[in-house]
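Just my_file05.pdb here, PDB, C-alpha atoms and all ligand atoms:
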```pdb
MODEL        1
ATOM      1  CA  MET A   1     -28.550  53.624 150.424
ATOM      2  CA  SER A   2     -28.329  49.848 150.155
ATOM      3  CA  ARG A   3     -27.253  49.971 146.508
ATOM      4  CA  SER A   4     -24.251  52.224 147.132
ATOM      5  CA  LEU A   5     -23.148  50.142 150.114
ATOM      6  CA  GLN A   6     -23.739  46.870 148.301
ATOM      7  CA  LEU A   7     -22.101  47.534 144.950
ATOM      8  CA  GLY A   8     -18.600  48.788 144.262
ATOM      9  CA  PRO A   9     -17.808  51.458 141.622
ATOM     10  CA  ASP A  10     -17.307  48.643 139.075
ATOM     11  CA  GLY A  11     -20.773  47.204 139.876
ATOM     12  CA  ARG A  12     -19.397  44.183 141.734
ATOM     13  CA  LEU A  13     -21.167  42.976 144.859
ATOM     14  CA  VAL A  14     -19.283  44.137 147.972
ATOM     15  CA  HIS A  15     -21.890  43.346 150.654
ATOM     16  CA  LEU A  16     -25.301  41.643 150.415
ATOM     17  CA  LEU A  17     -27.685  43.616 152.607
ATOM     18  CA  SER A  18     -30.965  43.660 150.668
ATOM     19  CA  THR A  19     -32.427  42.559 147.350
ATOM     20  CA  GLU A  20     -33.854  46.087 147.002
ATOM     21  CA  GLY A  21     -31.837  48.130 144.508
ATOM     22  CA  LEU A  22     -29.831  45.190 143.166
ATOM     23  CA  PRO A  23     -29.889  45.142 139.347
ATOM     24  CA  ALA A  24     -31.435  42.173 137.532
ATOM     25  CA  GLU A  25     -27.999  41.222 136.140
ATOM     26  CA  THR A  26     -26.595  40.888 139.689
ATOM     27  CA  LEU A  27     -29.557  38.739 140.761
ATOM     28  CA  ARG A  28     -29.217  36.569 137.638
ATOM     29  CA  HIS A  29     -25.455  36.220 138.222
ATOM     30  CA  ILE A  30     -26.173  34.875 141.731
ATOM     31  CA  LEU A  31     -28.832  32.439 140.438
ATOM     32  CA  ASP A  32     -26.641  31.230 137.541
ATOM     33  CA  THR A  33     -23.671  30.761 139.873
ATOM     34  CA  ALA A  34     -25.912  28.812 142.261
ATOM     35  CA  ASP A  35     -26.720  26.428 139.362
ATOM     36  CA  GLN A  36     -23.029  25.466 139.281
ATOM     37  CA  PHE A  37     -22.975  24.843 143.032
ATOM     38  CA  VAL A  38     -26.094  22.668 142.842
ATOM     39  CA  SER A  39     -23.962  20.399 140.614
ATOM     40  CA  VAL A  40     -21.116  20.477 143.173
ATOM     41  CA  ASN A  41     -23.604  19.546 145.903
ATOM     42  CA  GLU A  42     -24.746  16.514 143.906
ATOM     43  CA  ARG A  43     -21.199  15.102 143.752
ATOM     44  CA  GLU A  44     -19.830  12.506 146.165
ATOM     45  CA  VAL A  45     -17.140  14.988 147.270
ATOM     46  CA  LYS A  46     -19.088  18.217 147.805
ATOM     47  CA  LYS A  47     -16.123  20.528 148.110
ATOM     48  CA  VAL A  48     -14.350  23.177 146.037
ATOM     49  CA  PRO A  49     -11.346  25.311 147.094
ATOM     50  CA  LEU A  50     -12.789  28.757 146.227
ATOM     51  CA  LEU A  51     -12.636  30.146 149.776
ATOM     52  CA  ARG A  52      -9.579  28.232 151.015
ATOM     53  CA  GLY A  53      -7.715  30.334 153.572
ATOM     54  CA  ARG A  54     -10.678  32.674 154.153
ATOM     55  CA  SER A  55     -12.594  32.932 157.431
ATOM     56  CA  LEU A  56     -16.352  33.332 157.755
ATOM     57  CA  PHE A  57     -17.934  34.429 161.029
ATOM     58  CA  ASN A  58     -21.605  33.623 161.683
ATOM     59  CA  VAL A  59     -22.823  36.289 164.116
ATOM     60  CA  PHE A  60     -26.472  35.548 164.957
ATOM     61  CA  PHE A  61     -28.172  37.681 167.609
ATOM     62  CA  GLU A  62     -31.506  35.914 166.866
ATOM     63  CA  ASN A  63     -32.308  32.211 166.711
ATOM     64  CA  SER A  64     -31.984  30.309 163.456
ATOM     65  CA  THR A  65     -32.129  26.724 162.224
ATOM     66  CA  ARG A  66     -31.925  26.975 158.434
ATOM     67  CA  THR A  67     -29.952  30.141 157.708
ATOM     68  CA  ARG A  68     -27.111  29.706 160.194
ATOM     69  CA  THR A  69     -26.665  26.014 159.396
ATOM     70  CA  THR A  70     -26.779  26.365 155.615
ATOM     71  CA  PHE A  71     -24.283  29.259 155.739
ATOM     72  CA  GLU A  72     -21.961  26.989 157.728
ATOM     73  CA  ILE A  73     -22.398  24.083 155.310
ATOM     74  CA  ALA A  74     -22.013  26.400 152.304
ATOM     75  CA  ALA A  75     -18.816  27.970 153.641
ATOM     76  CA  LYS A  76     -17.328  24.563 154.472
ATOM     77  CA  ARG A  77     -18.126  23.302 150.960
ATOM     78  CA  LEU A  78     -16.185  26.306 149.650
ATOM     79  CA  SER A  79     -13.291  25.254 151.963
ATOM     80  CA  ALA A  80     -13.531  28.346 154.205
ATOM     81  CA  ASP A  81     -12.793  28.283 157.930
ATOM     82  CA  VAL A  82     -16.067  28.847 159.804
ATOM     83  CA  VAL A  83     -16.580  30.338 163.256
ATOM     84  CA  ASN A  84     -20.066  30.371 164.804
ATOM     85  CA  LEU A  85     -20.111  33.004 167.527
ATOM     86  CA  ASN A  86     -22.252  31.783 170.430
ATOM     87  CA  ILE A  87     -23.935  35.083 171.308
ATOM     88  CA  GLY A  88     -25.399  33.673 174.526
ATOM     89  CA  ALA A  89     -21.898  32.860 175.774
ATOM     90  CA  SER A  90     -20.236  35.939 174.270
ATOM     91  CA  SER A  91     -19.243  39.243 175.880
ATOM     92  CA  THR A  92     -22.436  40.818 174.500
ATOM     93  CA  ALA A  93     -23.934  39.838 177.888
ATOM     94  CA  LYS A  94     -21.256  42.020 179.557
ATOM     95  CA  GLY A  95     -22.309  45.074 177.545
ATOM     96  CA  GLU A  96     -19.983  44.827 174.552
ATOM     97  CA  SER A  97     -21.510  46.649 171.585
ATOM     98  CA  LEU A  98     -22.238  45.136 168.184
ATOM     99  CA  LEU A  99     -19.430  47.130 166.561
ATOM    100  CA  ASP A 100     -16.883  46.282 169.252
ATOM    101  CA  THR A 101     -17.795  42.615 168.817
ATOM    102  CA  VAL A 102     -17.309  42.880 165.053
ATOM    103  CA  TRP A 103     -14.028  44.832 165.324
ATOM    104  CA  ASN A 104     -12.622  42.181 167.688
ATOM    105  CA  LEU A 105     -13.594  39.401 165.277
ATOM    106  CA  GLN A 106     -12.111  41.445 162.424
ATOM    107  CA  ALA A 107      -8.856  41.553 164.423
ATOM    108  CA  MET A 108      -8.963  37.723 164.231
ATOM    109  CA  ASP A 109      -8.744  38.074 160.423
ATOM    110  CA  ALA A 110     -12.411  37.653 159.540
ATOM    111  CA  ASP A 111     -13.021  37.917 155.794
ATOM    112  CA  MET A 112     -16.814  37.713 155.887
ATOM    113  CA  PHE A 113     -19.519  38.318 158.455
ATOM    114  CA  VAL A 114     -22.991  36.790 158.286
ATOM    115  CA  VAL A 115     -25.137  38.909 160.594
ATOM    116  CA  ARG A 116     -28.641  38.326 161.947
ATOM    117  CA  HIS A 117     -30.100  40.908 164.326
ATOM    118  CA  LYS A 118     -33.524  41.910 165.634
ATOM    119  CA  GLU A 119     -32.807  45.574 164.818
ATOM    120  CA  ALA A 120     -33.395  46.622 161.212
ATOM    121  CA  GLY A 121     -30.223  48.172 159.823
ATOM    122  CA  ALA A 122     -27.732  46.322 162.061
ATOM    123  CA  PRO A 123     -25.952  44.588 159.112
ATOM    124  CA  HIS A 124     -25.785  47.977 157.302
ATOM    125  CA  LEU A 125     -24.103  49.464 160.369
ATOM    126  CA  VAL A 126     -21.575  46.636 160.381
ATOM    127  CA  ALA A 127     -20.966  47.020 156.622
ATOM    128  CA  ARG A 128     -20.194  50.720 157.094
ATOM    129  CA  HIS A 129     -17.595  49.959 159.772
ATOM    130  CA  VAL A 130     -15.612  46.968 158.516
ATOM    131  CA  LYS A 131     -12.259  47.250 156.756
ATOM    132  CA  PRO A 132     -12.171  47.378 152.941
ATOM    133  CA  GLY A 133     -12.069  43.816 151.646
ATOM    134  CA  VAL A 134     -14.248  42.466 154.470
ATOM    135  CA  HIS A 135     -17.753  41.484 153.314
ATOM    136  CA  VAL A 136     -21.053  41.521 155.194
ATOM    137  CA  ILE A 137     -24.097  39.378 154.434
ATOM    138  CA  ASN A 138     -27.438  40.211 155.994
ATOM    139  CA  ALA A 139     -28.984  37.012 157.411
ATOM    140  CA  GLY A 140     -32.157  38.833 158.520
ATOM    141  CA  ASP A 141     -32.568  42.211 160.237
ATOM    142  CA  GLY A 142     -35.786  42.943 162.075
ATOM    143  CA  ARG A 143     -38.679  43.168 159.659
ATOM    144  CA  HIS A 144     -36.465  44.809 156.999
ATOM    145  CA  ALA A 145     -34.702  42.238 154.785
ATOM    146  CA  HIS A 146     -33.512  38.632 154.467
ATOM    147  CA  PRO A 147     -31.835  38.717 151.047
ATOM    148  CA  THR A 148     -30.426  35.189 150.864
ATOM    149  CA  GLN A 149     -33.872  33.796 151.735
ATOM    150  CA  GLY A 150     -35.422  35.934 148.986
ATOM    151  CA  LEU A 151     -32.748  34.710 146.571
ATOM    152  CA  LEU A 152     -33.152  31.033 147.428
ATOM    153  CA  ASP A 153     -36.906  31.465 146.980
ATOM    154  CA  VAL A 154     -36.531  32.960 143.499
ATOM    155  CA  TYR A 155     -33.960  30.249 142.710
ATOM    156  CA  THR A 156     -36.526  27.602 143.690
ATOM    157  CA  ILE A 157     -39.224  29.276 141.577
ATOM    158  CA  ARG A 158     -36.889  29.433 138.559
ATOM    159  CA  HIS A 159     -35.978  25.759 139.054
ATOM    160  CA  TYR A 160     -39.608  24.615 138.944
ATOM    161  CA  LYS A 161     -41.207  27.227 136.661
ATOM    162  CA  LYS A 162     -38.231  28.070 134.365
ATOM    163  CA  ASP A 163     -39.610  31.411 133.083
ATOM    164  CA  PHE A 164     -40.502  34.401 135.261
ATOM    165  CA  SER A 165     -42.260  36.325 132.489
ATOM    166  CA  ARG A 166     -45.770  34.858 132.868
ATOM    167  CA  LEU A 167     -45.892  33.955 136.546
ATOM    168  CA  VAL A 168     -48.453  34.852 139.166
ATOM    169  CA  VAL A 169     -46.946  34.557 142.645
ATOM    170  CA  ALA A 170     -49.014  34.877 145.834
ATOM    171  CA  ILE A 171     -47.513  35.590 149.254
ATOM    172  CA  VAL A 172     -49.964  34.808 152.052
ATOM    173  CA  GLY A 173     -50.122  35.804 155.720
ATOM    174  CA  ASP A 174     -48.169  38.165 157.939
ATOM    175  CA  ILE A 175     -46.544  40.431 155.355
ATOM    176  CA  LEU A 176     -46.321  43.345 157.813
ATOM    177  CA  HIS A 177     -43.634  41.765 159.990
ATOM    178  CA  SER A 178     -41.939  39.750 157.251
ATOM    179  CA  ARG A 179     -38.414  40.597 156.118
ATOM    180  CA  VAL A 180     -38.670  37.542 153.838
ATOM    181  CA  ALA A 181     -41.717  38.923 151.961
ATOM    182  CA  ARG A 182     -39.951  42.240 151.308
ATOM    183  CA  SER A 183     -36.844  40.516 149.966
ATOM    184  CA  GLN A 184     -38.954  38.185 147.812
ATOM    185  CA  ILE A 185     -41.073  41.013 146.367
ATOM    186  CA  HIS A 186     -38.045  43.149 145.401
ATOM    187  CA  ALA A 187     -36.299  40.170 143.757
ATOM    188  CA  LEU A 188     -39.425  38.929 141.935
ATOM    189  CA  LYS A 189     -40.286  42.384 140.563
ATOM    190  CA  THR A 190     -36.689  43.054 139.440
ATOM    191  CA  LEU A 191     -36.567  39.687 137.666
ATOM    192  CA  GLY A 192     -39.719  40.526 135.711
ATOM    193  CA  VAL A 193     -42.492  38.568 137.447
ATOM    194  CA  PRO A 194     -45.581  40.385 136.109
ATOM    195  CA  GLU A 195     -47.944  39.723 139.005
ATOM    196  CA  VAL A 196     -47.047  39.425 142.674
ATOM    197  CA  ARG A 197     -50.037  39.239 145.029
ATOM    198  CA  VAL A 198     -50.113  39.671 148.771
ATOM    199  CA  ILE A 199     -52.991  38.073 150.661
ATOM    200  CA  GLY A 200     -53.824  38.776 154.274
ATOM    201  CA  PRO A 201     -55.956  40.713 156.740
ATOM    202  CA  ARG A 202     -55.573  44.512 156.760
ATOM    203  CA  THR A 203     -53.857  44.334 160.159
ATOM    204  CA  LEU A 204     -51.044  42.177 158.745
ATOM    205  CA  LEU A 205     -50.321  44.168 155.574
ATOM    206  CA  PRO A 206     -48.156  47.313 155.511
ATOM    207  CA  ALA A 207     -50.305  50.427 154.893
ATOM    208  CA  ASP A 208     -48.384  51.346 151.721
ATOM    209  CA  VAL A 209     -47.825  47.807 150.428
ATOM    210  CA  GLU A 210     -49.090  48.678 146.904
ATOM    211  CA  ARG A 211     -46.014  50.880 146.492
ATOM    212  CA  LEU A 212     -43.997  47.657 146.234
ATOM    213  CA  GLY A 213     -45.849  46.924 142.964
ATOM    214  CA  VAL A 214     -48.055  44.136 144.329
ATOM    215  CA  ARG A 215     -51.808  43.416 144.083
ATOM    216  CA  VAL A 216     -53.545  43.267 147.437
ATOM    217  CA  PHE A 217     -56.182  40.685 148.370
ATOM    218  CA  HIS A 218     -57.965  40.177 151.662
ATOM    219  CA  ASP A 219     -59.950  37.174 150.424
ATOM    220  CA  MET A 220     -57.866  34.007 150.205
ATOM    221  CA  ALA A 221     -59.913  32.272 147.461
ATOM    222  CA  ALA A 222     -59.826  35.344 145.198
ATOM    223  CA  GLY A 223     -56.110  35.898 145.854
ATOM    224  CA  LEU A 224     -55.118  32.312 145.103
ATOM    225  CA  ARG A 225     -57.162  31.983 141.907
ATOM    226  CA  GLY A 226     -54.877  30.965 139.032
ATOM    227  CA  CYS A 227     -51.604  31.377 140.980
ATOM    228  CA  ASP A 228     -48.482  29.495 139.878
ATOM    229  CA  VAL A 229     -46.641  29.880 143.178
ATOM    230  CA  VAL A 230     -48.127  30.061 146.685
ATOM    231  CA  MET A 231     -45.812  31.220 149.435
ATOM    232  CA  THR A 232     -47.113  31.060 153.015
ATOM    233  CA  LEU A 233     -45.650  32.944 155.975
ATOM    234  CA  ARG A 234     -45.985  32.335 159.697
ATOM    235  CA  LEU A 235     -47.390  34.844 162.165
ATOM    236  CA  GLN A 236     -44.264  36.564 163.442
ATOM    237  CA  SER A 237     -45.542  37.127 166.979
ATOM    238  CA  GLU A 238     -42.065  38.054 168.267
ATOM    239  CA  ARG A 239     -42.275  41.254 166.166
ATOM    240  CA  MET A 240     -45.899  42.139 167.023
ATOM    241  CA  SER A 241     -46.339  44.971 169.489
ATOM    242  CA  GLY A 242     -50.004  44.177 170.296
ATOM    243  CA  PRO A 243     -52.823  41.797 169.328
ATOM    244  CA  LEU A 244     -53.422  42.160 165.575
ATOM    245  CA  LEU A 245     -55.680  39.120 165.211
ATOM    246  CA  PRO A 246     -58.584  37.599 167.122
ATOM    247  CA  SER A 247     -56.649  34.265 167.417
ATOM    248  CA  ALA A 248     -54.394  31.860 165.539
ATOM    249  CA  GLY A 249     -57.502  29.681 165.012
ATOM    250  CA  GLU A 250     -59.383  32.534 163.313
ATOM    251  CA  PHE A 251     -56.319  33.240 161.164
ATOM    252  CA  ASN A 252     -56.190  29.576 160.179
ATOM    253  CA  LYS A 253     -59.845  29.576 159.115
ATOM    254  CA  ALA A 254     -59.394  32.602 156.846
ATOM    255  CA  TYR A 255     -55.775  32.284 155.646
ATOM    256  CA  GLY A 256     -54.454  28.819 156.572
ATOM    257  CA  LEU A 257     -53.445  26.952 153.413
ATOM    258  CA  THR A 258     -55.616  23.829 153.177
ATOM    259  CA  PRO A 259     -56.071  21.477 150.188
ATOM    260  CA  GLU A 260     -59.466  23.123 149.562
ATOM    261  CA  LYS A 261     -57.998  26.618 149.387
ATOM    262  CA  LEU A 262     -54.995  25.436 147.341
ATOM    263  CA  ALA A 263     -57.442  24.024 144.753
ATOM    264  CA  GLN A 264     -58.102  27.655 143.698
ATOM    265  CA  ALA A 265     -54.504  27.942 142.425
ATOM    266  CA  SER A 266     -53.260  26.447 139.139
ATOM    267  CA  PRO A 267     -53.232  22.643 139.265
ATOM    268  CA  ASP A 268     -49.423  22.688 138.885
ATOM    269  CA  ALA A 269     -48.854  25.456 141.452
ATOM    270  CA  ILE A 270     -45.946  24.960 143.822
ATOM    271  CA  VAL A 271     -46.241  25.586 147.570
ATOM    272  CA  MET A 272     -43.391  27.304 149.385
ATOM    273  CA  HIS A 273     -42.628  28.347 152.962
ATOM    274  CA  PRO A 274     -39.392  29.939 154.228
ATOM    275  CA  GLY A 275     -39.730  28.229 157.625
ATOM    276  CA  PRO A 276     -40.116  27.895 160.488
ATOM    277  CA  MET A 277     -43.620  26.496 159.878
ATOM    278  CA  ASN A 278     -46.467  26.528 162.335
ATOM    279  CA  ARG A 279     -48.488  23.571 161.103
ATOM    280  CA  GLY A 280     -52.215  23.991 161.587
ATOM    281  CA  VAL A 281     -51.897  27.786 161.651
ATOM    282  CA  GLU A 282     -50.680  29.187 158.297
ATOM    283  CA  ILE A 283     -50.407  25.781 156.581
ATOM    284  CA  ASP A 284     -51.973  22.361 157.059
ATOM    285  CA  SER A 285     -49.674  19.351 157.261
ATOM    286  CA  SER A 286     -51.400  17.747 154.282
ATOM    287  CA  VAL A 287     -50.277  20.715 152.138
ATOM    288  CA  ALA A 288     -46.831  21.156 153.726
ATOM    289  CA  ASP A 289     -46.041  17.481 153.085
ATOM    290  CA  GLY A 290     -48.131  17.136 149.915
ATOM    291  CA  GLY A 291     -47.202  16.647 146.275
ATOM    292  CA  GLN A 292     -47.144  20.368 145.435
ATOM    293  CA  SER A 293     -44.837  21.315 148.311
ATOM    294  CA  VAL A 294     -41.250  22.327 147.484
ATOM    295  CA  ILE A 295     -40.463  23.414 151.040
ATOM    296  CA  MET A 296     -37.615  20.930 151.582
ATOM    297  CA  PRO A 297     -35.998  21.635 148.164
ATOM    298  CA  GLN A 298     -36.023  25.331 149.184
ATOM    299  CA  VAL A 299     -33.796  24.440 152.134
ATOM    300  CA  THR A 300     -31.438  22.362 149.992
ATOM    301  CA  PHE A 301     -31.162  25.079 147.308
ATOM    302  CA  GLY A 302     -30.306  27.508 150.096
ATOM    303  CA  ILE A 303     -26.872  25.897 150.381
ATOM    304  CA  ALA A 304     -26.017  26.488 146.706
ATOM    305  CA  VAL A 305     -27.403  30.026 146.736
ATOM    306  CA  ARG A 306     -25.348  30.926 149.818
ATOM    307  CA  MET A 307     -22.259  29.338 148.243
ATOM    308  CA  ALA A 308     -22.868  31.546 145.191
ATOM    309  CA  VAL A 309     -23.199  34.721 147.265
ATOM    310  CA  MET A 310     -19.989  34.006 149.185
ATOM    311  CA  ALA A 311     -18.017  33.049 146.068
ATOM    312  CA  ILE A 312     -19.129  36.224 144.293
ATOM    313  CA  LEU A 313     -18.309  38.441 147.278
ATOM    314  CA  ALA A 314     -14.862  36.827 147.451
ATOM    315  CA  GLY A 315     -14.339  37.692 143.778
ATOM    316  CA  ASN A 316     -14.187  34.040 142.755
ATOM    317  CA  ALA A 317     -17.312  33.754 140.623
TER
HETATM  318  N1  LIG A 401     -36.075  31.011 156.902
HETATM  319  C1  LIG A 401     -35.299  31.296 157.957
HETATM  320  O1  LIG A 401     -34.720  32.394 158.076
HETATM  321  O2  LIG A 401     -35.199  30.275 158.875
HETATM  322  P1  LIG A 401     -34.295  30.320 160.181
HETATM  323  O3  LIG A 401     -34.890  31.364 161.097
HETATM  324  O4  LIG A 401     -34.372  28.935 160.764
HETATM  325  O5  LIG A 401     -32.904  30.691 159.786
ENDMDL
END
```
Take the structure from the file and write it as structure tokens.
Amino acid sequence: MSRSLQLGPDGRLVHLLSTEGLPAETLRHILDTADQFVSVNEREVKKVPLLRGRSLFNVFFENSTRTRTTFEIAAKRLSADVVNLNIGASSTAKGESLLDTVWNLQAMDADMFVVRHKEAGAPHLVARHVKPGVHVINAGDGRHAHPTQGLLDVYTIRHYKKDFSRLVVAIVGDILHSRVARSQIHALKTLGVPEVRVIGPRTLLPADVERLGVRVFHDMAAGLRGCDVVMTLRLQSERMSGPLLPSAGEFNKAYGLTPEKLAQASPDAIVMHPGPMNRGVEIDSSVADGGQSVIMPQVTFGIAVRMAVMAILAGNA
């Protein structure tokens, strides 16, 4: 379903809703285009006119620090006009539906919508109901997908590790509720990463997780052994319907990334986290701020990756 909505008959990206079903050439086109925008972002004047005259609407029904802000920065660096809808102060509180909200913003000549919503499928619904020529980017829907986060993560891995063909990548923690993990796994597998591991307690792994092509570990030391990339995830309590763990402290003992546990990975392993971090729960500060951490570069690369996605959707890359 996502593929047919996402790609036009000529194979061009029309909407970005999920990394699932996107061909490797589309993913590589986004990553290669992001390389060019990293160079733009290193200039004194970090601006190009690719989206001049176009309007981007950030429509976030869930909180965000990184995604909403980097979309705004990215759009401004492409010279687009940016509107951040303040959902709390919008007519959503008066009962206006998601689609009515979008259609009203479309009537203000929106060219692109960036949508975050707690309901899985909300950006797909919007994509099915916008005018031809209007593009929708999923900025996170429920526990389903967060494609630009998955893409900026694979961009970061490519930057530090160069070649996907021999990598072992471990994703640790609350996979069950993580839209980021799903988007990462689909992108990593499509790009040819031979071994993706998920590490966590049974209660925080989807029952059919092996169907995603990953190796499952419940023991942290065994799962981290020899890894090139270690990606930690927070406990996404806002999406948990009941207690799935004895306590955050117990989780930290078994799955919190400490220097001792990280020592099981390759000596040159990189440590990643999509944010927001809960220090002392899924990751210790000494690791988050340590020499192997690339957590802040992930955020910075997010700007270039989101510039690439918008430029490609606009037909300018
Ligand atoms: N990684 C991520 O989606 O962060 P935000 O919730 O701050 O956007």
Which residue, A:Ser241, A:Glu72, A:His273, A:Asn86, has the smallest gap to ligand LIG 401 (chain A) when you use all atoms listed in the file?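 Selected residue with least distance to ligand LIG 401 (chain A): A:His273.
Near Met307 (chain A), within 7 Å and counting all atoms listed in the file, sit Phe37, Ala74, Ala75, Leu78, Ile303 and Ala311 of chain A, not including residues fewer than 4 positions from it in the same chain.
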Padding 5 Å on each side, edges along x, y and z: where is the centre of the box around the listed atoms of ligand LIG 401 (chain A), and how long are its edges in Å to one decimal? Output it as JSON.
```
{"center_x": -34.5, "center_y": 30.7, "center_z": 159.0, "size_x": 13.2, "size_y": 13.5, "size_z": 14.2}
```
Around ligand LIG 401 (chain A), which protein and nucleic acid residues have at least one atom no more than 7 Å from it, if we count all atoms listed in the file? List them as a PDB file with C-alpha atoms, in the frame of the given file.
```pdb
ATOM      1  CA  ASN A  63     -32.308  32.211 166.711  1.00  0.00           C
ATOM      2  CA  SER A  64     -31.984  30.309 163.456  1.00  0.00           C
ATOM      3  CA  THR A  65     -32.129  26.724 162.224  1.00  0.00           C
ATOM      4  CA  ARG A  66     -31.925  26.975 158.434  1.00  0.00           C
ATOM      5  CA  THR A  67     -29.952  30.141 157.708  1.00  0.00           C
ATOM      6  CA  ARG A  68     -27.111  29.706 160.194  1.00  0.00           C
ATOM      7  CA  GLY A 140     -32.157  38.833 158.520  1.00  0.00           C
ATOM      8  CA  GLN A 149     -33.872  33.796 151.735  1.00  0.00           C
ATOM      9  CA  PRO A 274     -39.392  29.939 154.228  1.00  0.00           C
ATOM     10  CA  GLY A 275     -39.730  28.229 157.625  1.00  0.00           C
ATOM     11  CA  PRO A 276     -40.116  27.895 160.488  1.00  0.00           C
TER      12      PRO A 276
END
```
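Residues matched by the PyMOL selection byres (((chain A and resi 88) around 12) and not hetatm) in this file are Val59, Phe60, Phe61, Glu62, Asn63, Asn84, Leu85, Asn86, Ile87, Ala89, Ser90, Ser91, Thr92, Ala93 and Lys94 of chain A.
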Using all atoms listed in the file, which of the listed residues (A:Thr232, A:Thr156, A:Ser286, A:Ser178) sits closest to Thr258 (chain A)?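 Result for the nearest residue to Thr258 (chain A): A:Ser286.
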CA of Ala187 (chain A) and CA of Val154 (chain A) are how many Å apart? 7.2 Å
Residues at most 9 Å from Leu245 (chain A), counting all atoms listed in the file, excluding those fewer than 5 positions away in the same chain, as a list of chain:residue names?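 Close residues of Leu245 (chain A): A:Pro201, A:Thr203, A:Leu204, A:Glu250, A:Phe251.
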With all atoms listed in the file as the atoms that count, which of A:Thr148, A:Gln106, A:Ser55, A:Gln264 lies nearest to Lys131 (chain A)? A:Gln106
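Atom pair CA of Leu50 (chain A) / CA of Ala80 (chain A): separated by 8.0 Å.
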Ala139 (chain A) surroundings by only C-alpha atoms, 6 Å radius, close-in-sequence under 6 positions cut, as a ChimeraX atom specification: /A:115-116,146
Do you have the CA of Leu262 (chain A)-CA of Leu224 (chain A) distance handy?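 Atom-to-atom, CA of Leu262 (chain A) to CA of Leu224 (chain A), that is 7.2 Å.
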Of the residues A:Ser97, A:Ser183, A:Ser165, A:His135, which is the one nearest to Leu7 (chain A), using all atoms listed in the file?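 Closest to Leu7 (chain A), using all atoms listed in the file: A:His135.
Excluding His144 (chain A) itself and any same-chain residue fewer than 5 positions from it, the protein and nucleic acid residues within 8 Å of it, counting all atoms listed in the file, are Ala120, Gly121, Ser178, Arg179 and Arg182 of chain A.
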Judged by only C-alpha atoms, the minimum distance to Gly8 (chain A) among A:Leu313, A:Ala269, A:Val180, A:Ala122 is found for A:Leu313
Could you expand the PyMOL selection byres (((chain A and resi 24) around 10) and not hetatm) into the explicit residues it covers here, written as a count of residues only? 16
Contact residues around Asp81 (chain A) with all atoms listed in the file at 12 Å, ignoring same-chain residues under 4 positions, as a PyMOL selection string: chain A and resi 49-58+71-77+108-112
Please determine, counting all atoms listed in the file, which residue among A:Ala254, A:Leu151, A:Val83, A:Leu233 has the shortest atom-to-atom distance to Asp174 (chain A).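 That would be A:Leu233, the residue with the smallest distance to Asp174 (chain A).
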On this file, the PyMOL selection byres (((chain A and resi 230) around 8) and not hetatm) gives some set of residues; write that set as a PyMOL selection string. chain A and resi 169-172+224+227-229+231-232+265+269-272
Output of the above residues as a CSV table (one decimal), in the frame of the given file, restricted to C-alpha atoms:
```csv
chain,number,residue,atom,x,y,z
A,169,VAL,CA,-46.9,34.6,142.6
A,170,ALA,CA,-49.0,34.9,145.8
A,171,ILE,CA,-47.5,35.6,149.3
A,172,VAL,CA,-50.0,34.8,152.1
A,224,LEU,CA,-55.1,32.3,145.1
A,227,CYS,CA,-51.6,31.4,141.0
A,228,ASP,CA,-48.5,29.5,139.9
A,229,VAL,CA,-46.6,29.9,143.2
A,231,MET,CA,-45.8,31.2,149.4
A,232,THR,CA,-47.1,31.1,153.0
A,265,ALA,CA,-54.5,27.9,142.4
A,269,ALA,CA,-48.9,25.5,141.5
A,270,ILE,CA,-45.9,25.0,143.8
A,271,VAL,CA,-46.2,25.6,147.6
A,272,MET,CA,-43.4,27.3,149.4
```
